[in-house]
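Raw work_18.txt, compact mmCIF, C-alpha atoms:
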# COMPACT_ATOMS: atom_id res chain seq x y z
CA VAL A 1 11.05 -58.06 28.34
CA ALA A 2 10.69 -56.29 25.00
CA LEU A 3 8.88 -52.96 25.12
CA LEU A 4 7.30 -51.51 22.01
CA THR A 5 8.07 -47.82 21.58
CA ILE A 6 5.78 -46.41 18.92
CA GLY A 7 7.67 -43.12 18.87
CA LEU A 8 10.66 -44.83 17.22
CA LEU A 9 8.75 -46.09 14.21
CA GLY A 10 10.18 -44.70 11.02
CA TYR A 11 6.81 -43.61 9.70
CA SER A 12 6.19 -41.47 12.81
CA GLU A 13 8.23 -38.73 11.12
CA LEU A 14 4.83 -37.70 9.78
CA GLY A 15 4.25 -36.43 13.31
CA TRP A 16 0.87 -38.20 13.60
CA SER A 17 -0.54 -35.73 11.08
CA GLN A 18 -3.98 -36.01 9.59
CA ALA A 19 -2.36 -37.60 6.51
CA ALA A 20 -0.64 -40.39 8.46
CA ALA A 21 -2.02 -43.86 7.78
CA PRO A 22 -3.71 -45.68 10.66
CA LEU A 23 -1.39 -47.93 12.67
CA VAL A 24 -2.34 -51.45 13.73
CA ILE A 25 -0.25 -53.35 16.28
CA THR A 26 -1.14 -57.04 16.26
CA ASP A 27 -0.65 -59.84 18.76
CA VAL A 28 0.82 -57.54 21.43
CA ASN A 29 0.59 -57.82 25.21
CA VAL A 30 -1.03 -54.64 26.56
CA VAL A 31 -0.23 -53.27 30.04
CA PRO A 32 -3.31 -51.07 30.65
CA MET A 33 -2.10 -49.33 33.88
CA ASN A 34 -5.66 -48.96 35.21
CA GLN A 35 -5.95 -52.57 36.32
CA ASN A 36 -3.58 -55.16 37.74
CA THR A 37 -3.36 -57.39 34.68
CA VAL A 38 -1.83 -57.85 31.26
CA LEU A 39 -4.14 -58.12 28.25
CA ARG A 40 -2.57 -60.87 26.17
CA ARG A 41 -2.32 -61.00 22.38
CA GLN A 42 -4.30 -57.85 21.62
CA THR A 43 -4.84 -55.88 18.45
CA VAL A 44 -4.44 -52.10 18.92
CA LEU A 45 -5.68 -49.59 16.35
CA ILE A 46 -4.26 -46.05 16.38
CA GLU A 47 -5.70 -43.30 14.19
CA ARG A 48 -4.58 -39.67 14.07
CA GLY A 49 -2.37 -40.17 17.09
CA ARG A 50 -5.09 -41.64 19.31
CA ILE A 51 -5.94 -45.20 20.33
CA LYS A 52 -9.18 -46.00 18.54
CA ALA A 53 -9.67 -49.61 19.62
CA ILE A 54 -8.13 -52.44 21.65
CA GLY A 55 -9.37 -56.01 21.42
CA ALA A 56 -8.59 -59.61 20.71
CA ALA A 57 -7.67 -60.61 17.18
CA GLY A 58 -10.74 -60.54 14.95
CA GLN A 59 -12.65 -58.14 17.23
CA VAL A 60 -11.08 -54.96 15.90
CA LYS A 61 -12.13 -53.78 12.46
CA LEU A 62 -9.00 -52.82 10.54
CA PRO A 63 -9.20 -49.89 8.11
CA ALA A 64 -7.85 -50.21 4.59
CA GLY A 65 -4.32 -48.97 4.11
CA ALA A 66 -3.34 -49.32 7.75
CA VAL A 67 0.33 -49.81 8.60
CA ARG A 68 0.77 -53.09 10.46
CA LEU A 69 3.29 -53.80 13.18
CA ASP A 70 3.87 -57.29 14.54
CA GLY A 71 3.84 -57.12 18.35
CA ARG A 72 4.39 -60.80 19.08
CA GLY A 73 6.39 -61.30 22.26
CA LYS A 74 6.37 -57.58 23.06
CA TYR A 75 4.57 -55.41 25.61
CA LEU A 76 2.73 -52.17 24.93
CA LEU A 77 2.09 -49.61 27.68
CA PRO A 78 1.22 -45.92 27.85
CA GLY A 79 4.12 -43.53 27.31
CA LEU A 80 5.98 -42.50 30.46
CA ILE A 81 6.61 -38.92 31.61
CA ASP A 82 9.70 -37.97 33.59
CA MET A 83 8.28 -35.47 36.06
CA HIS A 84 11.65 -34.20 37.30
CA ALA A 85 14.12 -33.88 34.44
CA HIS A 86 17.22 -31.74 33.98
CA LEU A 87 17.85 -31.16 30.29
CA PRO A 88 21.35 -31.24 28.75
CA GLY A 89 23.54 -28.32 29.77
CA LYS A 90 25.46 -27.11 32.79
CA GLU A 91 22.65 -28.18 35.16
CA GLY A 92 21.88 -31.51 33.50
CA THR A 93 23.22 -34.46 31.58
CA ALA A 94 26.29 -34.22 29.35
CA HIS A 95 24.64 -36.12 26.48
CA PRO A 96 24.19 -34.28 23.17
CA LEU A 97 20.62 -33.10 22.85
CA SER A 98 19.58 -35.43 20.02
CA THR A 99 21.11 -38.43 21.80
CA TYR A 100 19.41 -37.49 25.05
CA PHE A 101 15.98 -37.29 23.42
CA ARG A 102 16.40 -40.60 21.58
CA LEU A 103 17.55 -42.36 24.75
CA GLN A 104 14.39 -41.12 26.47
CA LEU A 105 12.18 -42.41 23.65
CA ALA A 106 13.97 -45.75 23.63
CA ALA A 107 13.06 -46.12 27.31
CA GLY A 108 9.42 -45.28 26.61
CA VAL A 109 9.61 -41.72 27.97
CA VAL A 110 7.43 -39.49 25.79
CA GLY A 111 7.32 -36.40 28.04
CA LEU A 112 9.91 -34.47 30.04
CA ARG A 113 9.12 -31.95 32.78
CA SER A 114 12.19 -29.76 33.01
CA MET A 115 12.86 -28.48 36.53
CA ARG A 116 15.56 -25.89 35.88
CA GLY A 117 14.76 -23.59 33.03
CA ASP A 118 16.88 -21.74 30.52
CA SER A 119 15.92 -19.65 27.49
CA SER A 120 17.53 -22.24 25.23
CA HIS A 121 14.86 -24.72 26.30
CA LEU A 122 12.17 -22.51 24.76
CA HIS A 123 14.05 -22.53 21.45
CA TRP A 124 14.38 -26.32 21.60
CA ARG A 125 10.66 -26.80 22.24
CA ASP A 126 9.67 -24.42 19.45
CA SER A 127 12.04 -26.13 17.02
CA LEU A 128 10.72 -29.57 17.90
CA ARG A 129 7.15 -28.41 17.33
CA ARG A 130 8.00 -26.86 13.95
CA THR A 131 9.91 -29.85 12.62
CA ALA A 132 7.86 -32.65 14.25
CA ALA A 133 11.19 -34.18 15.24
CA LEU A 134 11.43 -37.40 17.19
CA ALA A 135 11.62 -36.21 20.77
CA PRO A 136 9.58 -36.28 23.98
CA ARG A 137 7.11 -33.47 24.59
CA LEU A 138 8.68 -30.79 26.77
CA TYR A 139 7.03 -29.14 29.80
CA LEU A 140 9.31 -26.31 30.83
CA GLY A 141 9.98 -24.83 34.23
CA SER A 142 11.33 -21.29 34.39
CA PRO A 143 14.78 -20.19 35.56
CA VAL A 144 14.83 -20.64 39.31
CA PHE A 145 13.63 -18.32 42.05
CA ASN A 146 16.02 -18.54 45.00
CA ARG A 147 17.79 -16.50 47.64
CA ASP A 148 19.37 -13.45 46.06
CA ARG A 149 20.52 -10.23 47.74
CA SER A 150 18.88 -8.21 45.00
CA TYR A 151 15.57 -10.05 45.26
CA SER A 152 12.46 -8.06 46.08
CA ALA A 153 8.73 -8.58 45.77
CA ARG A 154 8.72 -6.23 42.78
CA LYS A 155 11.51 -8.18 41.10
CA GLY A 156 9.54 -11.37 41.63
CA GLN A 157 6.48 -9.83 39.97
CA VAL A 158 8.50 -8.75 36.95
CA LEU A 159 10.17 -12.14 36.55
CA LEU A 160 6.91 -14.06 36.90
CA ALA A 161 5.24 -11.97 34.20
CA ARG A 162 8.30 -12.26 31.95
CA TYR A 163 8.59 -16.02 32.31
CA GLN A 164 4.89 -16.56 31.73
CA ALA A 165 4.92 -14.36 28.62
CA SER A 166 8.01 -16.18 27.33
CA GLY A 167 6.15 -19.48 27.31
CA TYR A 168 7.40 -21.38 30.34
CA ASP A 169 4.80 -23.78 31.68
CA PHE A 170 5.43 -23.03 35.36
CA ALA A 171 7.77 -21.16 37.71
CA LYS A 172 10.49 -23.12 39.50
CA TYR A 173 11.10 -22.28 43.18
CA LEU A 174 14.53 -23.46 44.30
CA GLY A 175 14.35 -22.15 47.87
CA GLY A 176 15.87 -19.72 50.32
CA LEU A 177 13.45 -16.81 50.08
CA ALA A 178 12.37 -15.17 53.32
CA ALA A 179 8.75 -15.88 54.25
CA PRO A 180 7.35 -12.50 53.06
CA HIS A 181 9.06 -12.87 49.67
CA TYR A 182 7.90 -16.47 49.28
CA ASP A 183 4.32 -15.50 50.17
CA SER A 184 4.30 -12.61 47.72
CA LEU A 185 5.78 -14.83 44.98
CA LEU A 186 2.98 -17.38 45.36
CA THR A 187 0.28 -14.71 45.67
CA ASP A 188 1.46 -12.96 42.49
CA ALA A 189 1.77 -16.26 40.63
CA HIS A 190 -1.80 -17.24 41.52
CA ARG A 191 -3.00 -13.84 40.38
CA LEU A 192 -1.36 -14.47 37.00
CA GLY A 193 -2.63 -18.03 36.77
CA PHE A 194 0.98 -19.23 36.68
CA LYS A 195 1.83 -22.37 38.63
CA VAL A 196 4.81 -22.60 40.98
CA ALA A 197 6.59 -25.90 41.60
CA GLY A 198 9.82 -26.76 43.36
CA HIS A 199 11.39 -27.14 46.77
CA ALA A 200 9.40 -26.67 49.95
CA PRO A 201 9.77 -23.21 51.59
CA ARG A 202 11.29 -22.57 55.01
CA SER A 203 7.86 -23.19 56.52
CA GLY A 204 8.06 -26.75 55.23
CA LEU A 205 5.37 -28.97 53.80
CA ARG A 206 2.56 -27.22 55.66
CA GLY A 207 3.64 -23.85 54.26
CA ALA A 208 3.80 -25.23 50.72
CA VAL A 209 0.34 -26.76 50.99
CA ALA A 210 -1.11 -23.54 52.45
CA ALA A 211 0.47 -21.53 49.61
CA ARG A 212 -0.95 -23.96 47.05
CA MET A 213 2.27 -24.87 45.33
CA ALA A 214 1.58 -26.99 42.25
CA SER A 215 4.06 -29.64 43.35
CA ILE A 216 6.76 -30.16 45.97
CA GLU A 217 9.94 -31.71 44.63
CA HIS A 218 12.11 -34.09 46.67
CA ILE A 219 11.06 -36.20 49.60
CA GLU A 220 12.90 -34.44 52.45
CA ALA A 221 10.04 -32.06 53.29
CA PHE A 222 7.64 -35.00 53.56
CA ILE A 223 10.00 -36.94 55.83
CA ARG A 224 10.51 -33.95 58.15
CA ALA A 225 6.75 -33.35 58.38
CA TYR A 226 6.11 -37.00 59.19
CA GLN A 227 8.84 -37.12 61.82
CA GLN A 228 7.45 -34.01 63.52
CA ASP A 229 3.86 -35.25 63.72
CA SER A 230 2.69 -38.32 61.81
CA VAL A 231 -1.00 -37.66 62.62
CA GLN A 232 -0.97 -34.09 61.33
CA PHE A 233 1.03 -35.25 58.30
CA GLN A 234 -1.86 -37.47 57.24
CA GLN A 235 -4.25 -34.52 57.56
CA LEU A 236 -2.32 -32.26 55.18

Structure encoded using C-alpha cells:
Amino acid sequence: VALLTIGLLGYSELGWSQAAAPLVITDVNVVPMNQNTVLRRQTVLIERGRIKAIGAAGQVKLPAGAVRLDGRGKYLLPGLIDMHAHLPGKEGTAHPLSTYFRLQLAAGVVGLRSMRGDSSHLHWRDSLRRTAALAPRLYLGSPVFNRDRSYSARKGQVLLARYQASGYDFAKYLGGLAAPHYDSLLTDAHRLGFKVAGHAPRSGLRGAVAARMASIEHIEAFIRAYQQDSVQFQQL
C-alpha cells in the first residue's frame, strides 16, 4: 500500500506560507478516519495549509496556478501523531536528529509528543519554527519529576514555574513521589494552568483520575485497576 506523505513534497519548503501555491492531489484514495470506508479516486484541494475541498473528479473547482500531484494508486490519510515519543539522545533513539525527523515524516507522522524533556528540545523546536524545516511538530514534556531525596513541595513549585516559563507544553511525572508531594505537585500545576502527564502515582489509576492528570502513560495502571475491581474500573 502506497501512502502519500504531503510533508515530503519538495515545494513544502515554503512551509505552507501565504505565498505557497494551492496543492491539488488527483485520483487519490482518501481514508477519512471518521467513517469505516475509503473514498475512491478523489480530488483533494489544499490551500494555505488547510484542506479546502474533497470530491470526485470534476466536482472540485481547481484554482489557477495550483500545483498538481498525481495520487493514482495511493492512499491519503490525516497525519499521525506519536503520543509517546522519546527524542534522540541518551533517553531515546540513536538516530541523528535530521534522520529521525525524516523517518517520522516518511511514515506519515507529523507530530511528536516528547515524554522526557531536555532543554535541547526547546532549542530544536524553536529552530524548526524559524527555518520551517521539514520535521514533525513537537509537543514537549518537561524534564521528569520523580523520587529525589532533595525533593520538596517548594522545589516542585519552582520547577513547575520554570518549566512553564521555558516553553514546555506539559510537566512529565515519572513516579515515586510520596502522596503529599504528588498531591502538591498536581495542585500547584493546576493553579498555574500547566498540565501534568506521565506514570500513575502510588495511589494508582484512581489517584491519577482524582488528581486530574492530563494523561496516564503505560497500560500497567489500567490492568491493575481492572484486576482489583472490574466494575469500579468501568466507573472511573

Return the padded bounding box of segment 130-149 of chain A as JSON: axis-aligned, built from all atoms listed in the file, 8 Å added on each side, with centre and edge lengths in Å to one decimal.
{"center_x": 13.8, "center_y": -23.8, "center_z": 30.2, "size_x": 29.5, "size_y": 43.2, "size_z": 51.1}

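Here atom CA of Ser142 of chain A stands at a distance of 17.6 Å from atom CA of His181 of chain A.
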
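Put simply, atom CA of Leu45 of chain A is 5.9 Å away from atom CA of Leu23 of chain A.
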
Closest to Arg113 of chain A among A:Phe170, A:Tyr163, A:Tyr100, A:Phe194, using all atoms listed in the file?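 With all atoms listed in the file as the atom set, the closest residue is A:Phe170.
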
Identify, on the basis of all atoms listed in the file, every residue whose closest approach to His190 of chain A does not exceed 12 Å; exclude the query and any residue fewer than 3 positions from it along the same chain; express the result as a VMD selection string. chain A and resid 157 160 to 161 164 170 to 171 183 to 187 193 to 196 211 to 214

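Of the residues listed (A:Ala221, A:Val144, A:Leu138, A:Ala53), A:Ala53 shows the shortest atom-to-atom separation from Ile25 of chain A; distances use only C-alpha atoms.
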
Show which residues sit within 8 Å of Gly176 of chain A, as a list in words. Count only C-alpha atoms, and ignore same-chain residues fewer than 4 positions away.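 Contacts, in chain order: Asn146, Arg147, Pro201 and Arg202 of chain A.
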
Atom CA of Arg206 of chain A to atom CA of Leu174 of chain A: how many Å, to one decimal? 16.9 Å

Skip Gly204 of chain A itself and residues of its chain fewer than 6 positions away, then list as a count of residues only all residues within 9 Å of it, counting all atoms listed in the file. 4

Taking 2 positions as the minimum chain separation for residues in the same chain, which residues sit within 9 Å of Asp82 of chain A when counting only C-alpha atoms? Answer as a list of chain:residue names.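 Contacts, with the query itself left out: A:Leu80, A:His84, A:Ala85, A:Val109, A:Val110, A:Gly111, A:Leu112, A:Arg113, A:Ser114.
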
Please produce a file of the residues just selected, as a PDB file, in the frame of the given file, where the atoms kept are C-alpha atoms.
ATOM      1  CA  LEU A  80       5.980 -42.500  30.460  1.00  0.00           C
ATOM      2  CA  HIS A  84      11.650 -34.200  37.300  1.00  0.00           C
ATOM      3  CA  ALA A  85      14.120 -33.880  34.440  1.00  0.00           C
ATOM      4  CA  VAL A 109       9.610 -41.720  27.970  1.00  0.00           C
ATOM      5  CA  VAL A 110       7.430 -39.490  25.790  1.00  0.00           C
ATOM      6  CA  GLY A 111       7.320 -36.400  28.040  1.00  0.00           C
ATOM      7  CA  LEU A 112       9.910 -34.470  30.040  1.00  0.00           C
ATOM      8  CA  ARG A 113       9.120 -31.950  32.780  1.00  0.00           C
ATOM      9  CA  SER A 114      12.190 -29.760  33.010  1.00  0.00           C
TER      10      SER A 114
END

In terms of the shortest atom-to-atom distance over only C-alpha atoms, which of A:Gln59, A:Thr26, A:Ser203, A:Ser152 is closest to Arg41 of chain A?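 Closest to Arg41 of chain A of all the choices is A:Thr26.
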
From the list A:Arg68, A:Lys61, A:Lys52, A:Arg116, which residue is nearest Lys172 of chain A when using only C-alpha atoms?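 Among the listed residues, the smallest separation from Lys172 of chain A belongs to A:Arg116.
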
I'd like the contact shell of Glu220 of chain A - 10 Å cut-off, all atoms listed in the file, skipping same-chain residues fewer than 3 positions apart - returned as a VMD selection string. chain A and resid 199 to 200 204 to 205 216 to 217 223 to 226

Kindly add N, CA, C and O atoms to the incomplete segment 40-60 of chain A and provide the output as a PDB file, in the coordinates of the input.
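Okay, result_31.pdb is ready:
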ATOM      1  N   ARG A  40      -3.417 -60.089  27.065  1.00  0.00           N
ATOM      2  CA  ARG A  40      -2.570 -60.870  26.170  1.00  0.00           C
ATOM      3  C   ARG A  40      -3.065 -60.852  24.728  1.00  0.00           C
ATOM      4  O   ARG A  40      -4.254 -60.855  24.472  1.00  0.00           O
ATOM      5  N   ARG A  41      -2.101 -60.810  23.811  1.00  0.00           N
ATOM      6  CA  ARG A  41      -2.320 -61.000  22.380  1.00  0.00           C
ATOM      7  C   ARG A  41      -3.462 -60.123  21.855  1.00  0.00           C
ATOM      8  O   ARG A  41      -4.444 -60.603  21.297  1.00  0.00           O
ATOM      9  N   GLN A  42      -3.298 -58.823  22.032  1.00  0.00           N
ATOM     10  CA  GLN A  42      -4.300 -57.850  21.620  1.00  0.00           C
ATOM     11  C   GLN A  42      -3.958 -57.213  20.273  1.00  0.00           C
ATOM     12  O   GLN A  42      -2.803 -57.180  19.849  1.00  0.00           O
ATOM     13  N   THR A  43      -5.005 -56.720  19.635  1.00  0.00           N
ATOM     14  CA  THR A  43      -4.840 -55.880  18.450  1.00  0.00           C
ATOM     15  C   THR A  43      -5.161 -54.443  18.856  1.00  0.00           C
ATOM     16  O   THR A  43      -6.195 -54.184  19.477  1.00  0.00           O
ATOM     17  N   VAL A  44      -4.274 -53.504  18.535  1.00  0.00           N
ATOM     18  CA  VAL A  44      -4.440 -52.100  18.920  1.00  0.00           C
ATOM     19  C   VAL A  44      -4.480 -51.253  17.652  1.00  0.00           C
ATOM     20  O   VAL A  44      -3.571 -51.329  16.815  1.00  0.00           O
ATOM     21  N   LEU A  45      -5.521 -50.472  17.511  1.00  0.00           N
ATOM     22  CA  LEU A  45      -5.680 -49.590  16.350  1.00  0.00           C
ATOM     23  C   LEU A  45      -5.466 -48.147  16.789  1.00  0.00           C
ATOM     24  O   LEU A  45      -6.098 -47.669  17.730  1.00  0.00           O
ATOM     25  N   ILE A  46      -4.570 -47.451  16.086  1.00  0.00           N
ATOM     26  CA  ILE A  46      -4.260 -46.050  16.380  1.00  0.00           C
ATOM     27  C   ILE A  46      -4.544 -45.225  15.131  1.00  0.00           C
ATOM     28  O   ILE A  46      -4.034 -45.517  14.046  1.00  0.00           O
ATOM     29  N   GLU A  47      -5.369 -44.193  15.291  1.00  0.00           N
ATOM     30  CA  GLU A  47      -5.700 -43.300  14.190  1.00  0.00           C
ATOM     31  C   GLU A  47      -5.505 -41.854  14.619  1.00  0.00           C
ATOM     32  O   GLU A  47      -5.973 -41.463  15.692  1.00  0.00           O
ATOM     33  N   ARG A  48      -4.809 -41.087  13.803  1.00  0.00           N
ATOM     34  CA  ARG A  48      -4.580 -39.670  14.070  1.00  0.00           C
ATOM     35  C   ARG A  48      -3.984 -39.436  15.451  1.00  0.00           C
ATOM     36  O   ARG A  48      -4.333 -38.501  16.161  1.00  0.00           O
ATOM     37  N   GLY A  49      -3.087 -40.335  15.836  1.00  0.00           N
ATOM     38  CA  GLY A  49      -2.370 -40.170  17.090  1.00  0.00           C
ATOM     39  C   GLY A  49      -3.121 -40.604  18.324  1.00  0.00           C
ATOM     40  O   GLY A  49      -2.628 -40.429  19.434  1.00  0.00           O
ATOM     41  N   ARG A  50      -4.302 -41.207  18.157  1.00  0.00           N
ATOM     42  CA  ARG A  50      -5.090 -41.640  19.310  1.00  0.00           C
ATOM     43  C   ARG A  50      -5.465 -43.108  19.189  1.00  0.00           C
ATOM     44  O   ARG A  50      -5.721 -43.602  18.088  1.00  0.00           O
ATOM     45  N   ILE A  51      -5.516 -43.809  20.320  1.00  0.00           N
ATOM     46  CA  ILE A  51      -5.940 -45.200  20.330  1.00  0.00           C
ATOM     47  C   ILE A  51      -7.431 -45.252  20.040  1.00  0.00           C
ATOM     48  O   ILE A  51      -8.243 -44.706  20.774  1.00  0.00           O
ATOM     49  N   LYS A  52      -7.776 -45.920  18.965  1.00  0.00           N
ATOM     50  CA  LYS A  52      -9.180 -46.000  18.540  1.00  0.00           C
ATOM     51  C   LYS A  52      -9.838 -47.274  19.075  1.00  0.00           C
ATOM     52  O   LYS A  52     -11.038 -47.274  19.403  1.00  0.00           O
ATOM     53  N   ALA A  53      -9.082 -48.360  19.166  1.00  0.00           N
ATOM     54  CA  ALA A  53      -9.670 -49.610  19.620  1.00  0.00           C
ATOM     55  C   ALA A  53      -8.603 -50.561  20.128  1.00  0.00           C
ATOM     56  O   ALA A  53      -7.464 -50.544  19.644  1.00  0.00           O
ATOM     57  N   ILE A  54      -8.980 -51.371  21.124  1.00  0.00           N
ATOM     58  CA  ILE A  54      -8.130 -52.440  21.650  1.00  0.00           C
ATOM     59  C   ILE A  54      -9.021 -53.666  21.803  1.00  0.00           C
ATOM     60  O   ILE A  54     -10.111 -53.587  22.372  1.00  0.00           O
ATOM     61  N   GLY A  55      -8.574 -54.800  21.289  1.00  0.00           N
ATOM     62  CA  GLY A  55      -9.370 -56.010  21.420  1.00  0.00           C
ATOM     63  C   GLY A  55      -8.613 -57.224  20.946  1.00  0.00           C
ATOM     64  O   GLY A  55      -7.517 -57.121  20.381  1.00  0.00           O
ATOM     65  N   ALA A  56      -9.193 -58.361  21.176  1.00  0.00           N
ATOM     66  CA  ALA A  56      -8.590 -59.610  20.710  1.00  0.00           C
ATOM     67  C   ALA A  56      -8.616 -59.659  19.190  1.00  0.00           C
ATOM     68  O   ALA A  56      -9.394 -58.953  18.533  1.00  0.00           O
ATOM     69  N   ALA A  57      -7.734 -60.467  18.633  1.00  0.00           N
ATOM     70  CA  ALA A  57      -7.670 -60.610  17.180  1.00  0.00           C
ATOM     71  C   ALA A  57      -9.050 -60.978  16.636  1.00  0.00           C
ATOM     72  O   ALA A  57      -9.741 -61.833  17.170  1.00  0.00           O
ATOM     73  N   GLY A  58      -9.448 -60.294  15.564  1.00  0.00           N
ATOM     74  CA  GLY A  58     -10.740 -60.540  14.950  1.00  0.00           C
ATOM     75  C   GLY A  58     -11.847 -59.661  15.496  1.00  0.00           C
ATOM     76  O   GLY A  58     -12.923 -59.568  14.891  1.00  0.00           O
ATOM     77  N   GLN A  59     -11.620 -59.003  16.637  1.00  0.00           N
ATOM     78  CA  GLN A  59     -12.650 -58.140  17.230  1.00  0.00           C
ATOM     79  C   GLN A  59     -12.496 -56.672  16.847  1.00  0.00           C
ATOM     80  O   GLN A  59     -13.401 -55.877  17.074  1.00  0.00           O
ATOM     81  N   VAL A  60     -11.344 -56.337  16.295  1.00  0.00           N
ATOM     82  CA  VAL A  60     -11.080 -54.960  15.900  1.00  0.00           C
ATOM     83  C   VAL A  60     -11.140 -54.848  14.386  1.00  0.00           C
ATOM     84  O   VAL A  60     -10.415 -55.552  13.674  1.00  0.00           O
TER      85      VAL A  60
END
